[in-house]
Amino acid sequence: MELLQLRYFQTVAKMEHMTRASQELHIAQPALSKTIARLEADVGVPLFDRYGGRIRLNAFGKLYLDKVDRALRLLEEGQKEVLELAGLEQGSIHLATSTLDLLSDPLSRFIERYPDVNFKISQVSPDEMIQLVEDGRADMCFTAIALEQPFLSQVTVLSEDIYLAVPAGHRLSDRTSVRLSELSGESFIGYKEDFIFQKMYDQYFREAGIRPKYVCRVDEPPAVASLVRAGIGVALYGCRSAQDSRLTLIPITEPQCRRDYRLVWHNKQYLSLAASTFREFLLDYFKDPGLSTAL
């Protein structure tokens, strides 16, 4: 039994499709099939049920996959620990996030302090975050959505209120507060339907009992601000994203509109020295952004 066999088995087991697995692994399908067959011979039982050209992981395979996942994860963690102990690398961090707006400054400060640390940043959906952390492909996540999985630890590092952003001269611009239920006739600028913040905002509108009229949907907060300034519509907007004197931000009293940003990591997997240092840096930074300059 070879390590390469186990890695091939892991990929085939998760895809349950020999052709796609061979493409993912960059290996010819006949060679991959032979490798899996040799592994099954070594284990002593079939790990897949085969139906014509289709394969499905069977009970033996599911049990074996769990052990293979653990074994390979332990080997990877052991390699990381040994390399760090031996001083053979300066460290690397893979961060998965749903938004980059609030990370640019702390990332810049951390890299200035630790210039030899290598970063990989993936902007992905919450479901993809969970998968990346579970598989050990990401060290941690920064997200405004709670990730509910028993193997995850998370801590809220920042909370912010969501305001109604209106352009200068808008009929509501002199208001000190507003209820979402008052806005049923307004033209809204929103995010695209699958954008993480939009899912949150949709819940607020449901609580208010209205269906907003969207005149435009965009991908990034700067585009929202630009369209509101132009008088195209109004929008829900985070206070920390709205450092813009040309926007009027009106507090929302009903329903309570706020979002909590969380730092999330796997509570059973090894966190490298670089990653754990970055985690503590972020926790300190969001407690008081001025403190991070001293780290």
# chains A, B, ... in the order shown; residues from 1 in each chain; ligands from 1
>>> residues_around(residues="Ala225 (chain A)", least_positions_apart="3", cutoff="10 Å", atoms="only C-alpha atoms", output="list in words")
Ala165, Val166, Pro167, Ile189, Glu220, Pro221, Pro222, Val228, Arg229, Ala230, Gly233, Val234, Ala235, Leu236, Tyr237, Ser241, Ala242, Gln243, Asp244, Arg246 and Leu247 of chain A
>>> write_last_selection(atoms="C-alpha atoms", output="PDB file, in the first residue's frame")
ATOM      1  CA  ALA A 165     -27.918  54.859   2.513  1.00  0.00           C
ATOM      2  CA  VAL A 166     -29.654  57.614   0.543  1.00  0.00           C
ATOM      3  CA  PRO A 167     -28.308  60.272  -1.845  1.00  0.00           C
ATOM      4  CA  ILE A 189     -29.621  49.038  -5.183  1.00  0.00           C
ATOM      5  CA  GLU A 220     -19.154  45.021  -4.583  1.00  0.00           C
ATOM      6  CA  PRO A 221     -19.907  47.709  -1.946  1.00  0.00           C
ATOM      7  CA  PRO A 222     -18.153  50.499  -3.911  1.00  0.00           C
ATOM      8  CA  VAL A 228     -26.700  55.619  -4.516  1.00  0.00           C
ATOM      9  CA  ARG A 229     -24.657  58.807  -4.932  1.00  0.00           C
ATOM     10  CA  ALA A 230     -25.890  59.024  -8.509  1.00  0.00           C
ATOM     11  CA  GLY A 233     -31.778  54.271  -5.643  1.00  0.00           C
ATOM     12  CA  VAL A 234     -31.269  53.661  -1.945  1.00  0.00           C
ATOM     13  CA  ALA A 235     -29.457  50.740  -0.319  1.00  0.00           C
ATOM     14  CA  LEU A 236     -28.672  48.905   2.877  1.00  0.00           C
ATOM     15  CA  TYR A 237     -25.072  49.642   3.763  1.00  0.00           C
ATOM     16  CA  SER A 241     -17.896  50.489   4.524  1.00  0.00           C
ATOM     17  CA  ALA A 242     -19.476  53.903   4.167  1.00  0.00           C
ATOM     18  CA  GLN A 243     -16.687  56.410   4.749  1.00  0.00           C
ATOM     19  CA  ASP A 244     -18.309  58.781   2.256  1.00  0.00           C
ATOM     20  CA  ARG A 246     -21.761  62.212  -0.072  1.00  0.00           C
ATOM     21  CA  LEU A 247     -23.937  59.466   1.371  1.00  0.00           C
TER      22      LEU A 247
END
>>> closest_residue(among="A:Pro126, A:Pro106, A:Gly53, A:Gly238", to="Ser159 (chain A)", atoms="only C-alpha atoms")
A:Gly238
>>> select_by_dssp(residues="region 98-215 of chain A", states="alpha helix (DSSP H)", output="PyMOL selection string")
chain A and resi 104-113+126-134+196-208
>>> write_last_selection(atoms="N, CA and C atoms", output="short mmCIF file (atom, residue, chain, number, x, y, z; two decimals), in the first residue's frame")
data_model
loop_
_atom_site.label_atom_id
_atom_site.label_comp_id
_atom_site.auth_asym_id
_atom_site.auth_seq_id
_atom_site.Cartn_x
_atom_site.Cartn_y
_atom_site.Cartn_z
N SER A 104 -8.20 44.49 4.18
CA SER A 104 -7.06 45.07 3.49
C SER A 104 -6.07 45.74 4.45
N ASP A 105 -6.58 46.49 5.42
CA ASP A 105 -5.67 47.16 6.36
C ASP A 105 -4.97 46.19 7.30
N PRO A 106 -5.70 45.27 7.98
CA PRO A 106 -4.98 44.33 8.85
C PRO A 106 -4.02 43.43 8.08
N LEU A 107 -4.37 43.03 6.86
CA LEU A 107 -3.45 42.23 6.05
C LEU A 107 -2.18 43.01 5.75
N SER A 108 -2.35 44.27 5.40
CA SER A 108 -1.19 45.11 5.10
C SER A 108 -0.28 45.26 6.32
N ARG A 109 -0.87 45.45 7.47
CA ARG A 109 -0.08 45.63 8.70
C ARG A 109 0.62 44.33 9.10
N PHE A 110 -0.09 43.21 8.93
CA PHE A 110 0.52 41.93 9.29
C PHE A 110 1.70 41.61 8.37
N ILE A 111 1.54 41.83 7.07
CA ILE A 111 2.61 41.55 6.12
C ILE A 111 3.80 42.47 6.35
N GLU A 112 3.52 43.70 6.75
CA GLU A 112 4.62 44.62 7.08
C GLU A 112 5.41 44.10 8.27
N ARG A 113 4.72 43.49 9.22
CA ARG A 113 5.38 42.96 10.42
C ARG A 113 6.05 41.61 10.14
N PRO A 126 -20.10 30.69 1.86
CA PRO A 126 -20.03 30.00 3.16
C PRO A 126 -19.89 28.49 3.03
N ASP A 127 -20.63 27.89 2.11
CA ASP A 127 -20.54 26.44 1.94
C ASP A 127 -19.13 26.02 1.51
N GLU A 128 -18.53 26.81 0.63
CA GLU A 128 -17.17 26.51 0.19
C GLU A 128 -16.17 26.70 1.33
N MET A 129 -16.41 27.67 2.18
CA MET A 129 -15.54 27.87 3.35
C MET A 129 -15.52 26.63 4.22
N ILE A 130 -16.70 26.12 4.52
CA ILE A 130 -16.79 24.94 5.37
C ILE A 130 -16.00 23.79 4.77
N GLN A 131 -16.15 23.59 3.47
CA GLN A 131 -15.45 22.48 2.81
C GLN A 131 -13.94 22.68 2.83
N LEU A 132 -13.49 23.91 2.59
CA LEU A 132 -12.06 24.19 2.59
C LEU A 132 -11.43 23.94 3.96
N VAL A 133 -12.12 24.37 5.01
CA VAL A 133 -11.58 24.17 6.36
C VAL A 133 -11.66 22.70 6.76
N GLU A 134 -12.76 22.05 6.43
CA GLU A 134 -12.91 20.64 6.78
C GLU A 134 -11.83 19.80 6.11
N ILE A 196 -23.27 37.05 -0.28
CA ILE A 196 -23.48 36.74 1.13
C ILE A 196 -24.28 37.82 1.85
N PHE A 197 -23.99 39.10 1.60
CA PHE A 197 -24.71 40.16 2.29
C PHE A 197 -26.16 40.23 1.83
N GLN A 198 -26.42 39.92 0.57
CA GLN A 198 -27.79 40.00 0.07
C GLN A 198 -28.69 38.99 0.77
N LYS A 199 -28.16 37.80 1.03
CA LYS A 199 -28.95 36.80 1.74
C LYS A 199 -29.35 37.32 3.13
N MET A 200 -28.43 38.03 3.76
CA MET A 200 -28.71 38.61 5.07
C MET A 200 -29.78 39.71 4.95
N TYR A 201 -29.62 40.56 3.93
CA TYR A 201 -30.57 41.67 3.76
C TYR A 201 -31.96 41.16 3.40
N ASP A 202 -32.02 40.08 2.62
CA ASP A 202 -33.32 39.51 2.27
C ASP A 202 -34.08 39.09 3.53
N GLN A 203 -33.36 38.58 4.51
CA GLN A 203 -34.01 38.20 5.77
C GLN A 203 -34.57 39.42 6.49
N TYR A 204 -33.85 40.54 6.47
CA TYR A 204 -34.34 41.76 7.10
C TYR A 204 -35.64 42.23 6.42
N PHE A 205 -35.67 42.17 5.09
CA PHE A 205 -36.87 42.59 4.37
C PHE A 205 -38.05 41.66 4.68
N ARG A 206 -37.78 40.38 4.80
CA ARG A 206 -38.86 39.45 5.14
C ARG A 206 -39.42 39.79 6.52
N GLU A 207 -38.52 40.10 7.45
CA GLU A 207 -38.98 40.47 8.80
C GLU A 207 -39.81 41.74 8.76
N ALA A 208 -39.49 42.66 7.85
CA ALA A 208 -40.23 43.92 7.74
C ALA A 208 -41.52 43.76 6.96
#
>>> residues_around(residues="region 117-120 of chain A", least_positions_apart="6", cutoff="8 Å", atoms="only C-alpha atoms", output="list in words")
Gln90, Gly91, Ser92, Ile93, His94, Leu95, Ile111 and Ala274 of chain A
>>> write_last_selection(atoms="C-alpha atoms", output="PDB file, in the first residue's frame")
ATOM      1  CA  GLN A  90       8.769  31.087   7.063  1.00  0.00           C
ATOM      2  CA  GLY A  91       5.124  30.009   7.134  1.00  0.00           C
ATOM      3  CA  SER A  92       2.070  30.197   4.936  1.00  0.00           C
ATOM      4  CA  ILE A  93      -1.565  31.075   5.562  1.00  0.00           C
ATOM      5  CA  HIS A  94      -4.628  30.180   3.502  1.00  0.00           C
ATOM      6  CA  LEU A  95      -7.521  32.457   4.404  1.00  0.00           C
ATOM      7  CA  ILE A 111       2.608  41.551   6.123  1.00  0.00           C
ATOM      8  CA  ALA A 274       1.996  31.553  11.008  1.00  0.00           C
TER       9      ALA A 274
END
>>> atom_distance(atom1="CA of Tyr214 (chain A)", atom2="CA of Tyr191 (chain A)")
9.4 Å
>>> closest_residue(among="A:Phe9, A:Gly169, A:Leu283, A:Ser98", to="Asp219 (chain A)", atoms="only C-alpha atoms")
A:Ser98
>>> residues_around(residues="Thr35 (chain A)", least_positions_apart="4", cutoff="8 Å", atoms="only C-alpha atoms", output="short mmCIF file (atom, residue, chain, number, x, y, z; two decimals) with N, CA, C and O atoms, in the first residue's frame")
data_model
loop_
_atom_site.label_atom_id
_atom_site.label_comp_id
_atom_site.auth_asym_id
_atom_site.auth_seq_id
_atom_site.Cartn_x
_atom_site.Cartn_y
_atom_site.Cartn_z
N GLN A 5 -1.57 5.78 -3.53
CA GLN A 5 -2.82 5.03 -3.65
C GLN A 5 -3.91 5.63 -2.77
O GLN A 5 -5.07 5.75 -3.17
N TYR A 8 -5.18 8.89 -4.23
CA TYR A 8 -6.05 8.61 -5.36
C TYR A 8 -7.41 8.09 -4.88
O TYR A 8 -8.46 8.51 -5.38
N ALA A 31 -5.18 3.82 -15.73
CA ALA A 31 -4.17 3.72 -14.68
C ALA A 31 -4.78 3.95 -13.30
O ALA A 31 -4.43 3.28 -12.32
N LEU A 39 -5.44 -1.30 -4.59
CA LEU A 39 -5.70 -0.91 -3.20
C LEU A 39 -6.76 -1.81 -2.60
O LEU A 39 -6.62 -2.27 -1.45
#
>>> closest_residue(among="A:Tyr285, A:Tyr270, A:Phe195, A:Trp265", to="Lys80 (chain A)", atoms="only C-alpha atoms")
A:Tyr270
>>> select_by_dssp(residues="region 101-221 of chain A", states="strand (DSSP E or B)", output="PyMOL selection string")
chain A and resi 118-123+140-143+152-167+178-179+187-191+213-218
>>> atom_distance(atom1="CA of Glu81 (chain A)", atom2="CA of Leu271 (chain A)")
9.3 Å
>>> atom_distance(atom1="CA of His17 (chain A)", atom2="CA of Val124 (chain A)")
24.5 Å
>>> residues_around(residues="Ser184 (chain A)", least_positions_apart="4", cutoff="7 Å", atoms="only C-alpha atoms", output="MDAnalysis selection string")
chainID A and resid 210:212
>>> closest_residue(among="A:Thr11, A:Gln256, A:Thr156, A:Gln269", to="Arg73 (chain A)", atoms="only C-alpha atoms")
A:Gln269
>>> closest_residue(among="A:Glu186, A:Asp194, A:Glu148, A:Asp174", to="Val215 (chain A)", atoms="only C-alpha atoms")
A:Glu186
>>> residues_around(residues="Leu57 (chain A)", least_positions_apart="4", cutoff="12 Å", atoms="only C-alpha atoms", output="compact mmCIF listing (two decimals) with N, CA, C and O atoms, in the first residue's frame")
# COMPACT_ATOMS: atom_id res chain seq x y z
N PHE A 9 -7.39 7.20 -3.91
CA PHE A 9 -8.64 6.67 -3.36
C PHE A 9 -9.48 7.80 -2.76
O PHE A 9 -10.70 7.85 -2.95
N GLN A 10 -8.86 8.71 -2.05
CA GLN A 10 -9.57 9.82 -1.41
C GLN A 10 -10.32 10.65 -2.45
O GLN A 10 -11.48 11.02 -2.26
N THR A 11 -9.65 10.93 -3.56
CA THR A 11 -10.28 11.74 -4.61
C THR A 11 -11.42 10.98 -5.28
O THR A 11 -12.52 11.53 -5.48
N VAL A 12 -11.19 9.73 -5.63
CA VAL A 12 -12.24 8.92 -6.27
C VAL A 12 -13.43 8.77 -5.33
O VAL A 12 -14.59 8.87 -5.74
N ALA A 13 -13.17 8.54 -4.05
CA ALA A 13 -14.25 8.33 -3.09
C ALA A 13 -15.11 9.57 -2.94
O ALA A 13 -16.34 9.48 -2.79
N LYS A 14 -14.52 10.74 -2.99
CA LYS A 14 -15.29 11.97 -2.80
C LYS A 14 -16.04 12.36 -4.07
O LYS A 14 -17.11 12.97 -4.00
N MET A 15 -15.49 12.00 -5.22
CA MET A 15 -16.17 12.35 -6.48
C MET A 15 -17.12 11.25 -6.94
O MET A 15 -18.09 11.53 -7.63
N GLU A 16 -16.82 10.00 -6.56
CA GLU A 16 -17.60 8.84 -7.01
C GLU A 16 -17.80 8.87 -8.53
O GLU A 16 -18.87 8.58 -9.06
N HIS A 17 -16.72 9.22 -9.20
CA HIS A 17 -16.76 9.29 -10.66
C HIS A 17 -15.33 9.14 -11.16
O HIS A 17 -14.50 10.03 -10.94
N MET A 18 -15.03 8.04 -11.82
CA MET A 18 -13.66 7.73 -12.18
C MET A 18 -13.10 8.71 -13.21
O MET A 18 -11.94 9.12 -13.12
N PRO A 46 -13.89 -5.08 -1.44
CA PRO A 46 -14.20 -4.01 -2.40
C PRO A 46 -14.62 -2.75 -1.63
O PRO A 46 -15.35 -2.82 -0.64
N LEU A 47 -14.14 -1.62 -2.08
CA LEU A 47 -14.46 -0.35 -1.43
C LEU A 47 -15.55 0.42 -2.17
O LEU A 47 -16.08 1.40 -1.63
N PHE A 48 -15.86 -0.02 -3.38
CA PHE A 48 -16.89 0.62 -4.19
C PHE A 48 -17.87 -0.42 -4.69
O PHE A 48 -17.51 -1.56 -4.96
N ASP A 49 -19.12 -0.01 -4.83
CA ASP A 49 -20.10 -0.79 -5.57
C ASP A 49 -20.11 -0.27 -6.99
O ASP A 49 -20.13 0.96 -7.22
N ARG A 50 -20.09 -1.17 -7.96
CA ARG A 50 -20.01 -0.78 -9.36
C ARG A 50 -21.29 -1.18 -10.08
O ARG A 50 -21.73 -2.31 -9.98
N TYR A 51 -21.86 -0.19 -10.79
CA TYR A 51 -23.08 -0.43 -11.56
C TYR A 51 -22.82 0.03 -12.99
O TYR A 51 -22.97 1.21 -13.31
N GLY A 61 -16.02 1.14 2.07
CA GLY A 61 -15.31 2.31 1.56
C GLY A 61 -15.50 3.53 2.42
O GLY A 61 -14.56 4.32 2.64
N LYS A 62 -16.72 3.72 2.94
CA LYS A 62 -16.98 4.88 3.80
C LYS A 62 -16.15 4.80 5.08
O LYS A 62 -15.59 5.81 5.54
N LEU A 63 -16.08 3.61 5.66
CA LEU A 63 -15.28 3.45 6.86
C LEU A 63 -13.81 3.68 6.56
O LEU A 63 -13.11 4.36 7.33
N TYR A 64 -13.36 3.15 5.44
CA TYR A 64 -11.95 3.29 5.08
C TYR A 64 -11.60 4.74 4.75
O TYR A 64 -10.53 5.23 5.11
N LEU A 65 -12.52 5.45 4.08
CA LEU A 65 -12.29 6.85 3.73
C LEU A 65 -12.09 7.70 4.98
O LEU A 65 -11.23 8.58 5.01
N ASP A 66 -12.89 7.44 6.00
CA ASP A 66 -12.74 8.19 7.24
C ASP A 66 -11.34 8.03 7.82
O ASP A 66 -10.71 8.99 8.24
>>> residues_around(residues="Leu74 (chain A)", least_positions_apart="2", cutoff="12 Å", atoms="only C-alpha atoms", output="list in words")
Lys67, Val68, Asp69, Arg70, Ala71, Leu72, Glu76, Glu77, Gly78, Gln79, Lys80, Glu81, Asp135, Gly136, Lys268, Gln269, Tyr270 and Leu271 of chain A
>>> write_last_selection(atoms="all heavy atoms", output="CSV table (one decimal), in the first residue's frame")
chain,number,residue,atom,x,y,z
A,67,LYS,N,-10.8,6.8,7.8
A,67,LYS,CA,-9.5,6.6,8.3
A,67,LYS,C,-8.4,7.2,7.4
A,67,LYS,O,-7.4,7.7,7.9
A,67,LYS,CB,-9.2,5.0,8.5
A,67,LYS,CG,-10.3,4.3,9.3
A,67,LYS,CD,-10.3,4.9,10.7
A,67,LYS,CE,-11.4,4.1,11.6
A,67,LYS,NZ,-11.5,4.6,12.9
A,68,VAL,N,-8.6,7.1,6.1
A,68,VAL,CA,-7.7,7.7,5.2
A,68,VAL,C,-7.6,9.2,5.3
A,68,VAL,O,-6.5,9.8,5.4
A,68,VAL,CB,-8.0,7.3,3.7
A,68,VAL,CG1,-7.2,8.1,2.7
A,68,VAL,CG2,-7.8,5.8,3.5
A,69,ASP,N,-8.8,9.8,5.5
A,69,ASP,CA,-8.8,11.3,5.7
A,69,ASP,C,-8.0,11.7,6.9
A,69,ASP,O,-7.2,12.6,6.9
A,69,ASP,CB,-10.2,11.8,5.8
A,69,ASP,CG,-11.0,11.8,4.5
A,69,ASP,OD1,-10.3,11.8,3.4
A,69,ASP,OD2,-12.2,11.9,4.5
A,70,ARG,N,-8.2,10.9,8.0
A,70,ARG,CA,-7.5,11.2,9.2
A,70,ARG,C,-6.0,11.0,9.1
A,70,ARG,O,-5.2,11.8,9.5
A,70,ARG,CB,-8.0,10.4,10.4
A,70,ARG,CG,-9.5,10.6,10.8
A,70,ARG,CD,-9.9,9.8,12.0
A,70,ARG,NE,-11.3,9.8,12.2
A,70,ARG,CZ,-11.9,9.2,13.2
A,70,ARG,NH1,-11.1,8.5,14.1
A,70,ARG,NH2,-13.2,9.2,13.4
A,71,ALA,N,-5.6,9.9,8.4
A,71,ALA,CA,-4.2,9.6,8.3
A,71,ALA,C,-3.5,10.6,7.5
A,71,ALA,O,-2.4,11.1,7.8
A,71,ALA,CB,-4.1,8.2,7.7
A,72,LEU,N,-4.1,11.0,6.3
A,72,LEU,CA,-3.4,12.0,5.5
A,72,LEU,C,-3.4,13.3,6.1
A,72,LEU,O,-2.4,14.1,6.0
A,72,LEU,CB,-4.2,12.1,4.1
A,72,LEU,CG,-4.1,10.8,3.2
A,72,LEU,CD1,-4.9,11.0,2.0
A,72,LEU,CD2,-2.7,10.4,2.9
A,76,GLU,N,0.0,15.5,6.9
A,76,GLU,CA,0.2,16.8,6.5
A,76,GLU,C,0.6,17.7,7.7
A,76,GLU,O,1.4,18.6,7.6
A,76,GLU,CB,-1.0,17.3,5.8
A,76,GLU,CG,-1.2,16.7,4.4
A,76,GLU,CD,-2.6,17.1,3.8
A,76,GLU,OE1,-3.3,17.8,4.5
A,76,GLU,OE2,-2.9,16.6,2.7
A,77,GLU,N,-0.2,17.5,8.8
A,77,GLU,CA,0.1,18.3,10.0
A,77,GLU,C,1.5,18.0,10.5
A,77,GLU,O,2.2,19.0,11.0
A,77,GLU,CB,-0.9,18.0,11.1
A,77,GLU,CG,-2.3,18.5,10.7
A,77,GLU,CD,-3.4,18.2,11.7
A,77,GLU,OE1,-3.0,17.5,12.7
A,77,GLU,OE2,-4.5,18.5,11.6
A,78,GLY,N,1.9,16.8,10.5
A,78,GLY,CA,3.2,16.4,11.0
A,78,GLY,C,4.3,17.1,10.1
A,78,GLY,O,5.3,17.6,10.7
A,79,GLN,N,4.1,17.1,8.8
A,79,GLN,CA,5.1,17.8,7.9
A,79,GLN,C,5.2,19.3,8.3
A,79,GLN,O,6.3,19.8,8.3
A,79,GLN,CB,4.7,17.6,6.5
A,79,GLN,CG,5.7,18.2,5.5
A,79,GLN,CD,5.3,17.9,4.1
A,79,GLN,OE1,4.2,17.6,3.8
A,79,GLN,NE2,6.3,18.0,3.2
A,80,LYS,N,4.0,19.9,8.5
A,80,LYS,CA,4.0,21.3,8.8
A,80,LYS,C,4.8,21.6,10.1
A,80,LYS,O,5.6,22.5,10.2
A,80,LYS,CB,2.6,21.9,9.0
A,80,LYS,CG,1.9,22.0,7.6
A,80,LYS,CD,0.4,22.5,7.9
A,80,LYS,CE,-0.4,22.6,6.6
A,80,LYS,NZ,-1.7,23.1,6.9
A,81,GLU,N,4.5,20.7,11.1
A,81,GLU,CA,5.2,20.9,12.4
A,81,GLU,C,6.7,20.7,12.3
A,81,GLU,O,7.5,21.5,12.9
A,81,GLU,CB,4.6,20.0,13.4
A,81,GLU,CG,3.1,20.3,13.8
A,81,GLU,CD,2.6,19.4,14.9
A,81,GLU,OE1,3.4,19.0,15.8
A,81,GLU,OE2,1.4,18.9,14.8
A,135,ASP,N,-11.5,20.1,4.9
A,135,ASP,CA,-10.5,19.4,4.1
A,135,ASP,C,-9.1,19.7,4.5
A,135,ASP,O,-8.1,19.1,4.0
A,135,ASP,CB,-10.7,19.5,2.6
A,135,ASP,CG,-12.0,18.9,2.1
A,135,ASP,OD1,-12.6,18.1,2.9
A,135,ASP,OD2,-12.4,19.2,1.0
A,136,GLY,N,-8.9,20.8,5.3
A,136,GLY,CA,-7.6,21.2,5.7
A,136,GLY,C,-6.9,22.1,4.6
A,136,GLY,O,-5.7,22.4,4.7
A,268,LYS,N,-10.1,20.7,15.5
A,268,LYS,CA,-9.4,19.5,15.6
A,268,LYS,C,-8.1,19.4,14.8
A,268,LYS,O,-7.4,18.4,14.9
A,268,LYS,CB,-10.3,18.3,15.2
A,268,LYS,CG,-11.6,18.2,16.1
A,268,LYS,CD,-11.2,17.9,17.5
A,268,LYS,CE,-12.5,17.6,18.4
A,268,LYS,NZ,-12.2,17.4,19.8
A,269,GLN,N,-7.9,20.4,14.0
A,269,GLN,CA,-6.7,20.3,13.1
A,269,GLN,C,-5.6,21.2,13.6
A,269,GLN,O,-5.9,22.3,14.2
A,269,GLN,CB,-7.1,20.7,11.7
A,269,GLN,CG,-8.0,19.7,11.0
A,269,GLN,CD,-8.3,20.1,9.5
A,269,GLN,OE1,-7.7,21.0,9.0
A,269,GLN,NE2,-9.2,19.4,8.9
A,270,TYR,N,-4.4,20.9,13.2
A,270,TYR,CA,-3.2,21.7,13.6
A,270,TYR,C,-3.3,23.0,12.9
A,270,TYR,O,-3.5,23.1,11.7
A,270,TYR,CB,-2.0,20.9,13.2
A,270,TYR,CG,-0.7,21.7,13.3
A,270,TYR,CD1,-0.1,22.0,14.5
A,270,TYR,CD2,-0.1,22.2,12.2
A,270,TYR,CE1,1.0,22.7,14.7
A,270,TYR,CE2,1.1,22.9,12.3
A,270,TYR,CZ,1.6,23.2,13.5
A,270,TYR,OH,2.8,23.9,13.6
A,271,LEU,N,-3.0,24.1,13.6
A,271,LEU,CA,-2.9,25.4,13.1
A,271,LEU,C,-1.5,25.8,13.1
A,271,LEU,O,-0.9,25.9,14.2
A,271,LEU,CB,-3.8,26.4,13.9
A,271,LEU,CG,-4.2,27.7,13.2
A,271,LEU,CD1,-5.1,27.4,11.9
A,271,LEU,CD2,-5.0,28.6,14.2
>>> decode(residues="region 147-160 of chain A", atoms="N, CA, C and O atoms", output="mmCIF file, in the first residue's frame")
data_model
loop_
_atom_site.group_PDB
_atom_site.id
_atom_site.type_symbol
_atom_site.label_atom_id
_atom_site.label_comp_id
_atom_site.auth_asym_id
_atom_site.auth_seq_id
_atom_site.Cartn_x
_atom_site.Cartn_y
_atom_site.Cartn_z
ATOM 1 N N LEU A 147 -21.071 29.865 10.588
ATOM 2 C CA LEU A 147 -20.887 28.564 9.957
ATOM 3 C C LEU A 147 -21.156 27.494 11.009
ATOM 4 O O LEU A 147 -20.355 27.305 11.925
ATOM 5 N N GLU A 148 -22.273 26.829 10.888
ATOM 6 C CA GLU A 148 -22.730 25.908 11.921
ATOM 7 C C GLU A 148 -22.275 24.484 11.629
ATOM 8 O O GLU A 148 -22.945 23.743 10.922
ATOM 9 N N GLN A 149 -21.120 24.121 12.136
ATOM 10 C CA GLN A 149 -20.605 22.761 12.034
ATOM 11 C C GLN A 149 -19.913 22.413 13.350
ATOM 12 O O GLN A 149 -19.211 23.251 13.925
ATOM 13 N N PRO A 150 -20.086 21.190 13.854
ATOM 14 C CA PRO A 150 -19.519 20.845 15.167
ATOM 15 C C PRO A 150 -18.001 20.891 15.224
ATOM 16 O O PRO A 150 -17.443 21.053 16.310
ATOM 17 N N PHE A 151 -17.332 20.767 14.081
ATOM 18 C CA PHE A 151 -15.868 20.758 14.093
ATOM 19 C C PHE A 151 -15.272 22.163 13.981
ATOM 20 O O PHE A 151 -14.053 22.316 13.931
ATOM 21 N N LEU A 152 -16.115 23.186 13.954
ATOM 22 C CA LEU A 152 -15.626 24.549 13.791
ATOM 23 C C LEU A 152 -15.664 25.318 15.109
ATOM 24 O O LEU A 152 -16.614 25.205 15.886
ATOM 25 N N SER A 153 -14.625 26.096 15.352
ATOM 26 C CA SER A 153 -14.622 27.078 16.435
ATOM 27 C C SER A 153 -14.701 28.457 15.789
ATOM 28 O O SER A 153 -14.117 28.685 14.726
ATOM 29 N N GLN A 154 -15.423 29.364 16.414
ATOM 30 C CA GLN A 154 -15.542 30.696 15.838
ATOM 31 C C GLN A 154 -15.707 31.732 16.930
ATOM 32 O O GLN A 154 -16.221 31.455 18.006
ATOM 33 N N VAL A 155 -15.220 32.921 16.618
ATOM 34 C CA VAL A 155 -15.320 34.022 17.561
ATOM 35 C C VAL A 155 -15.700 35.272 16.779
ATOM 36 O O VAL A 155 -15.206 35.513 15.675
ATOM 37 N N THR A 156 -16.627 36.047 17.326
ATOM 38 C CA THR A 156 -17.027 37.307 16.693
ATOM 39 C C THR A 156 -15.963 38.361 16.972
ATOM 40 O O THR A 156 -15.623 38.620 18.130
ATOM 41 N N VAL A 157 -15.439 38.959 15.912
ATOM 42 C CA VAL A 157 -14.373 39.945 16.069
ATOM 43 C C VAL A 157 -14.860 41.365 15.815
ATOM 44 O O VAL A 157 -14.187 42.335 16.176
ATOM 45 N N LEU A 158 -16.033 41.491 15.187
ATOM 46 C CA LEU A 158 -16.518 42.822 14.834
ATOM 47 C C LEU A 158 -18.015 42.774 14.613
ATOM 48 O O LEU A 158 -18.528 41.860 13.961
ATOM 49 N N SER A 159 -18.736 43.741 15.171
ATOM 50 C CA SER A 159 -20.169 43.886 14.929
ATOM 51 C C SER A 159 -20.425 45.280 14.377
ATOM 52 O O SER A 159 -19.826 46.258 14.841
ATOM 53 N N GLU A 160 -21.288 45.370 13.389
ATOM 54 C CA GLU A 160 -21.603 46.683 12.835
ATOM 55 C C GLU A 160 -23.076 46.792 12.500
ATOM 56 O O GLU A 160 -23.711 45.816 12.096
#
